[in-house]
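**Student:** Let me give you the structure first, and then I'll get to my questions.
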Amino acid sequence: MSGQALLSVESVAVDLPTARGNLRAVDHVDLTLSAGRTLGIVGESGCGKTMLSRAILQLLPKKAKLSGRVMFDGRDLASCGADQLRKLRARSLAVVFQDPMTSLNPVLTIGTQLIETLQEHLDLDALAARKRTVDLLAAVGIPAPEQRLMQYPHQLSGGMRQRVAIAIALSCEPKLLIADEPTTALDVTIQAQILDLLAREQRRRHMAMILITHDLGVVAGRTDEVAVMYAGRVVERAPTQALFKKMHMPYTQALLSAIPKLDAAPHTRLPAISGRPPDPTRPINGCSFSPRCRYAIDRCRREKPPLADAETVDHKYACFHPLKLSAGIGT
Amino acid sequence: MMQDNTLHGPTGPLLNVQNLVVEYVVGNKIVHAVSDVSLEIARGETLGLVGESGCGKSTLGRAVLRLRPTVSGRVLFDGEDLTAMQGDALRKMRRRVQLIFQDPIASLNPRRRIGDIIAEPLVIAGVKDPSERHQRVCDALDAVGLDPPLVLSRLPHEFSGGQCQRICIARALVLNPDFIICDEPVSALDVSIRAQILNLLEEMKARFGLTLLFIAHDLAVVKAVSDRVAVMYLGRLCEVSPSEQLFAKPAHPYTALLIEAIPVPDPDVRPAESVPVGEPPSPIAPPSGCRFRTRCPHADQKCRDEVPPMRAVRPGQYAACHHPLS
């Protein structure tokens with residue numbers, strides 16, 4: 001790993017007060033990401049992956065309590081003032097959300113939204129901003145960009161809207177792009193196009209990217225490193241190649257096996273994970289996956305397994321009974 | 001219950017859709033949602049129906065049940081013409097066909113108890129004896145792996161998405177239907193829960209001898225449960241084929257592109273570079289000739305001029321394409 005990390009998340013925890021008691025959405029997560037690298041964060045709904053990204057962006061709900069430290073580009077984000085954060089989020093820390101319809105302003109044209117961003121943050125005059133907007137829209141694969149400038153979000157398809165959201169995110173050349181389930185709302189052919197677009201722009205701009213998804217298939221070919229989250233914790237973290245070669249944590253393996261395989265015969269029974277994720281307002285003493293884990297023993301139910309080093313470089317997992325077999329066999 | 005030999009039983013297909021056309025009027029324009037679609041589903045078979053959003057697959061599923069008015073074409077269910085039926089006859093026939101929807105939480109009335117929700121089809125069907133209703137509700141809940149005493153008097157919000165989908169399946173099963181239309185039944189569920197529900201549907205199908213129309217946009221999910229798969233694009237069927245063959249040797253370029261676009265959970269498989277270009281055109285003004293031609297790498301003048309008919313390319317495999325892949 002290169003020495004200087006662009007982003008480092010140190011023991012970050014997020015607590016949300018709810019009517020049913022305290023909900024620990026993120027439970028002491030550590031992550032680092034260097035410039036130009038791609039990190040995939042994988043987990044099911046409610047595992048805390050979105051809250052973690054909000055913590056990085058300092059965009060948590062008002063009631064939420066954040067502890068730990070988020071260092072970005074040499075700065076502690078928690079100690080930044082609102083103005084500073086605003087500048088930072090505009091210039092170097094961009095985000096693309098799942099639903100492009102709700103992240104774009106429905107009563108402003110595409111052009112206004114993009115030109116506004118550029119004028120505000122890059123001090124461009126109207127003409128230069130307009131020209132750059134057209135270039136950006138062309139770069140994200142929008143046909144006839146000049147005409148699109150006058151259109152409103154509802155006049156575009158879901159895929160086109162997501163391209164516009166990406167154009168806005170890329171407009172100020174960010175150092176880090178957080179893409180939170182950018183393709184979940186899209187069709188499979190459009191998903192492939194959007195993921196290719198993100199990968200291309202990421203390489204071209206040497207930008208770091210966090211790709212948040214529930215689909216291991218999405219991260220497999222498109223990330224350098226993967227962190228798997230379960231019940232607010234990172235339970236396995238490894239370089240993508242190493243992870244798919246050998247999964248240590250039973251949850252990661254189970255998540256992979258539960259995906260229907262294209263090369264399996266029809267009517268093949270899927271190895272489902274029994275039960276469901278734990279209630280985050282009722283913390284479990286031991287390993288949070290233990291109630292659903294087929295390898296769980298007493299110790300797993302009593303003690304939380306720490307994130308331990310595997311024999312391969314940069315591979316960490318939180319399990320007392322790591323899988324001995326290589327991926328694909330076993331479960 | 002075994003379901004061999006039922007595929008081409010002596011009594012013909014359970015569902016036979018002939019040249020079905022469904023159109024919507026939006027303002028002064030016409031949306032061509034389903035255009036001249038014909039297909040058959042044999043008894044005991046699962047037919048997967050795939051396509052991108054807006055291709056008309058849900059409309060087709062609903063039109064089969066007469067939940068959408070049709071412009072022309074016929075729907076034969078067990079030999080009887082549903083499109084000609086009205087009133088009581090239609091209502092009786094609908095008891096044999098049930099629906100499961102995408103969003104399990106939205107398809108349960110939030111203010112009614114689970115026991116009442118599942119008993120409702122029985123009430124409508126005229127089962128008057130409360131103890132018989134109770135027994136059948138309990139049997140249905142048992143079948144989907146929920147414990148009746150724990151579930152009956154609770155409300156939908158007390159259950160997770162996966163459990164709500166189990167409840168929806170129990171409601172679909174309670175009238176002992178022959179045919180279930182599953183419209184994206186697992187798209188709203190997480191990966192680990194999705195596998196549970198897919199396995200449950202397979203179990204139910206074997207146990208109750210069901211015939212399924214399984215509508216989904218995820219080809220891998222469809223392959224896991226289907227005997228045959230129909231691929232739909234912009235209101236028309238592109239290809240119908242036994243599932244194994246469809247994935248091994250797709251005949252229609254659209255099917256091939258759909259398969260290529262699926263992300264594979266293996267870092268050694270590089271994502272395909274040749275993903276389909278552009279987006280589907282609007283069903284208000286579909287392209288002339290073959291509707292896929294605007295995105296198709298093999299399109300030529302003939303594709304522009306003539307609508308390709310559905311033709312057999314291999315035994316059991318049909319494609320509507322002037323230039324099928326070999």
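In the structure tokens, the first chain shown is A, the next is B, and so on; residue numbers restart at 1 for each chain, and ligands run from 1 in the order shown.
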Per residue of chain A within 8 Å of chain B, note the shortest atom pair and the distance in Å to one decimal, counting only C-alpha atoms, and order the rows by chain and increasing residue number, as JSON lines.

**Tutor:**
{"residue": "A:Glu44", "atom": "CA", "partner": "B:Asp190", "partner_atom": "CA", "distance": 5.9}
{"residue": "A:Ser45", "atom": "CA", "partner": "B:Asp190", "partner_atom": "CA", "distance": 6.7}
{"residue": "A:Gly159", "atom": "CA", "partner": "B:Glu279", "partner_atom": "CA", "distance": 7.9}
{"residue": "A:Asp187", "atom": "CA", "partner": "B:Glu52", "partner_atom": "CA", "distance": 5.8}
{"residue": "A:Val188", "atom": "CA", "partner": "B:Ala261", "partner_atom": "CA", "distance": 6.2}
{"residue": "A:Thr189", "atom": "CA", "partner": "B:Ala261", "partner_atom": "CA", "distance": 5.4}
{"residue": "A:Ile190", "atom": "CA", "partner": "B:Glu279", "partner_atom": "CA", "distance": 7.2}
{"residue": "A:Gln191", "atom": "CA", "partner": "B:Ala261", "partner_atom": "CA", "distance": 7.9}
{"residue": "A:Ala192", "atom": "CA", "partner": "B:Ala261", "partner_atom": "CA", "distance": 5.7}
{"residue": "A:Gln193", "atom": "CA", "partner": "B:Val275", "partner_atom": "CA", "distance": 6.7}
{"residue": "A:His214", "atom": "CA", "partner": "B:Val191", "partner_atom": "CA", "distance": 7.6}
{"residue": "A:Asp215", "atom": "CA", "partner": "B:Val191", "partner_atom": "CA", "distance": 7.9}
{"residue": "A:Leu216", "atom": "CA", "partner": "B:Pro265", "partner_atom": "CA", "distance": 5.6}
{"residue": "A:Gly217", "atom": "CA", "partner": "B:Pro265", "partner_atom": "CA", "distance": 3.7}
{"residue": "A:Val218", "atom": "CA", "partner": "B:Pro263", "partner_atom": "CA", "distance": 5.5}
{"residue": "A:Val219", "atom": "CA", "partner": "B:Pro265", "partner_atom": "CA", "distance": 7.6}
{"residue": "A:Ala220", "atom": "CA", "partner": "B:Pro267", "partner_atom": "CA", "distance": 4.5}
{"residue": "A:Gly221", "atom": "CA", "partner": "B:Pro267", "partner_atom": "CA", "distance": 4.5}
{"residue": "A:Arg222", "atom": "CA", "partner": "B:Pro267", "partner_atom": "CA", "distance": 7.8}
{"residue": "A:Thr240", "atom": "CA", "partner": "B:Pro267", "partner_atom": "CA", "distance": 7.0}
{"residue": "A:Gln241", "atom": "CA", "partner": "B:Pro267", "partner_atom": "CA", "distance": 6.1}
{"residue": "A:Phe244", "atom": "CA", "partner": "B:Asp266", "partner_atom": "CA", "distance": 6.6}
{"residue": "A:Ala254", "atom": "CA", "partner": "B:Ser192", "partner_atom": "CA", "distance": 7.9}
{"residue": "A:Leu255", "atom": "CA", "partner": "B:Ser192", "partner_atom": "CA", "distance": 6.3}
{"residue": "A:Leu256", "atom": "CA", "partner": "B:Pro265", "partner_atom": "CA", "distance": 7.5}
{"residue": "A:Ala258", "atom": "CA", "partner": "B:Ala195", "partner_atom": "CA", "distance": 5.7}
{"residue": "A:Ile259", "atom": "CA", "partner": "B:Val191", "partner_atom": "CA", "distance": 6.6}
{"residue": "A:Pro260", "atom": "CA", "partner": "B:Ala220", "partner_atom": "CA", "distance": 5.6}
{"residue": "A:Lys261", "atom": "CA", "partner": "B:Ala220", "partner_atom": "CA", "distance": 6.2}
{"residue": "A:Leu262", "atom": "CA", "partner": "B:Ala220", "partner_atom": "CA", "distance": 5.4}
{"residue": "A:Ala264", "atom": "CA", "partner": "B:Ala224", "partner_atom": "CA", "distance": 7.5}
{"residue": "A:Ala265", "atom": "CA", "partner": "B:Glu244", "partner_atom": "CA", "distance": 6.9}
{"residue": "A:Pro266", "atom": "CA", "partner": "B:Ala224", "partner_atom": "CA", "distance": 4.7}
{"residue": "A:His267", "atom": "CA", "partner": "B:Val225", "partner_atom": "CA", "distance": 5.1}
{"residue": "A:Thr268", "atom": "CA", "partner": "B:Ala224", "partner_atom": "CA", "distance": 6.4}
{"residue": "A:Arg269", "atom": "CA", "partner": "B:Asn199", "partner_atom": "CA", "distance": 6.2}
{"residue": "A:Leu270", "atom": "CA", "partner": "B:Ala195", "partner_atom": "CA", "distance": 5.8}
{"residue": "A:Pro271", "atom": "CA", "partner": "B:Ala195", "partner_atom": "CA", "distance": 7.1}
{"residue": "A:Ala272", "atom": "CA", "partner": "B:Ala195", "partner_atom": "CA", "distance": 4.9}
{"residue": "A:Ile273", "atom": "CA", "partner": "B:Ser192", "partner_atom": "CA", "distance": 5.4}
{"residue": "A:Ser274", "atom": "CA", "partner": "B:Gln196", "partner_atom": "CA", "distance": 7.4}
{"residue": "A:Arg276", "atom": "CA", "partner": "B:Ile193", "partner_atom": "CA", "distance": 7.3}

**Student:** Just list as a list in words whatever in stretch 157-313 of chain A DSSP marks as strand (DSSP E).

**Tutor:**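 Residues meeting the strand (DSSP E) criterion: Leu176, Leu177, Ile178, Ala179, Asp180, Ala208, Met209, Ile210, Leu211, Ile212, Thr213, Glu225, Val226, Ala227, Val228, Met229, Tyr230, Arg233, Val234, Val235, Glu236, Arg237, Ala238, Pro239, Ala308 and Asp309 of chain A.
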
**Student:** Let's have the selection written as a PDB file, in the first residue's frame, with C-alpha atoms.

**Tutor:**
ATOM      1  CA  LEU A 176     -12.876  11.056  -4.047  1.00  0.00           C
ATOM      2  CA  LEU A 177     -16.200   9.957  -5.497  1.00  0.00           C
ATOM      3  CA  ILE A 178     -18.629   8.050  -3.323  1.00  0.00           C
ATOM      4  CA  ALA A 179     -21.129   6.101  -5.431  1.00  0.00           C
ATOM      5  CA  ASP A 180     -23.906   4.795  -3.183  1.00  0.00           C
ATOM      6  CA  ALA A 208     -10.403   7.527  -5.671  1.00  0.00           C
ATOM      7  CA  MET A 209     -13.812   5.869  -5.577  1.00  0.00           C
ATOM      8  CA  ILE A 210     -15.966   4.118  -3.010  1.00  0.00           C
ATOM      9  CA  LEU A 211     -18.527   1.888  -4.696  1.00  0.00           C
ATOM     10  CA  ILE A 212     -21.301   0.901  -2.311  1.00  0.00           C
ATOM     11  CA  THR A 213     -23.477  -2.005  -3.410  1.00  0.00           C
ATOM     12  CA  GLU A 225     -10.345  -3.707  -2.539  1.00  0.00           C
ATOM     13  CA  VAL A 226     -13.568  -4.910  -0.935  1.00  0.00           C
ATOM     14  CA  ALA A 227     -14.969  -4.429   2.569  1.00  0.00           C
ATOM     15  CA  VAL A 228     -17.912  -6.628   3.524  1.00  0.00           C
ATOM     16  CA  MET A 229     -20.224  -5.150   6.161  1.00  0.00           C
ATOM     17  CA  TYR A 230     -22.660  -6.956   8.406  1.00  0.00           C
ATOM     18  CA  ARG A 233     -19.203  -3.814  11.255  1.00  0.00           C
ATOM     19  CA  VAL A 234     -16.656  -4.581   8.597  1.00  0.00           C
ATOM     20  CA  VAL A 235     -16.444  -8.373   8.859  1.00  0.00           C
ATOM     21  CA  GLU A 236     -13.989  -8.995   6.043  1.00  0.00           C
ATOM     22  CA  ARG A 237     -11.696  -6.753   4.080  1.00  0.00           C
ATOM     23  CA  ALA A 238      -9.254  -7.727   1.365  1.00  0.00           C
ATOM     24  CA  PRO A 239      -7.889  -6.932  -2.053  1.00  0.00           C
ATOM     25  CA  ALA A 308      -7.696 -10.318  12.489  1.00  0.00           C
ATOM     26  CA  ASP A 309      -4.991 -10.595   9.843  1.00  0.00           C
TER      27      ASP A 309
END

**Student:** Which polymer residues have any atom within 9 Å of an atom of A:Arg205, counting only C-alpha atoms, with same-chain residues fewer than 6 positions away left out, as a ChimeraX atom specification?

**Tutor:** /A:36,173-175

**Student:** Could you tell me how far atom CA of B:Pro281 sits from atom CA of B:Val64, in Å to one decimal place?

**Tutor:**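 If I compute the distance from atom CA of B:Val64 to atom CA of B:Pro281, I get 24.9 Å.
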
**Student:** Go through stretch 45-101 of chain B and collect every residue that DSSP, computed from the backbone, puts in alpha helix (DSSP H); the answer should be as a PyMOL selection string.

**Tutor:** chain B and resi 57-64+87-94

**Student:** Mind pulling up the distance from atom CA of A:Arg37 to atom CA of A:His206?

**Tutor:**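 For atom CA of A:His206 relative to atom CA of A:Arg37, the distance reads 8.0 Å.
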
**Student:** In Å, how far is it from atom CA of B:Arg154 to atom CA of B:Leu173?

**Tutor:**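 Value for the atom CA of B:Arg154-atom CA of B:Leu173 distance: 19.5 Å.
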
**Student:** Quick one: residues within 12 Å of B:Thr70, only C-alpha atoms counted, chain neighbours fewer than 3 positions away excluded, as a list of chain:residue names?

**Tutor:**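 My list of contacting residues is B:Val17, B:Gln18, B:Asn19, B:Leu20, B:Val21, B:Val22, B:Glu23, B:Tyr24, B:His32, B:Ala33, B:Val34, B:Ser35, B:Asp36, B:Val37, B:Thr59, B:Leu60, B:Gly61, B:Arg62, B:Ala63, B:Val64, B:Leu65, B:Arg66, B:Leu67, B:Gly73, B:Arg74, B:Val75, B:Leu82, B:Thr83, B:Ala84.
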
**Student:** Would you pick out the contacts of B:Arg111 at 10 Å or less, using only C-alpha atoms, so that residues sharing its chain but fewer than 6 positions from it are not included, and give the list as a ChimeraX atom specification?

**Tutor:** /B:117,154-157

**Student:** When you look at A:Lys63 with a cut-off of 9 Å (counting only C-alpha atoms), what residues show up, excluding the ones that are within fewer than 6 positions of it in the same chain? I need them as a ChimeraX atom specification.

**Tutor:** /A:15-17

**Student:** Could you take the residues named above and write them with N, CA and C atoms, as a tab-separated table (two decimals), in the first residue's frame?

**Tutor:**
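What ended up in again-v8.tsv:
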chain	number	residue	atom	x	y	z
A	15	ASP	N	-24.33	6.35	16.06
A	15	ASP	CA	-25.49	5.94	16.85
A	15	ASP	C	-26.68	6.80	16.49
A	16	LEU	N	-27.82	6.15	16.33
A	16	LEU	CA	-29.05	6.88	16.02
A	16	LEU	C	-30.06	6.60	17.11
A	17	PRO	N	-30.57	7.65	17.75
A	17	PRO	CA	-31.62	7.40	18.74
A	17	PRO	C	-32.94	7.11	18.01

**Student:** Given only C-alpha atoms as the basis, pick out the residue of B:Gln165, B:Ala42, B:Met93, B:Glu120 nearest to B:Ser187.

**Tutor:**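 Between B:Gln165, B:Ala42, B:Met93, B:Glu120, the residue approaching B:Ser187 most closely is B:Gln165.
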
**Student:** Residues at most 12 Å from A:Thr18, counting only C-alpha atoms, excluding those fewer than 2 positions away in the same chain, as a PyMOL selection string?

**Tutor:** chain A and resi 15-16+20-25+63-64+280-282
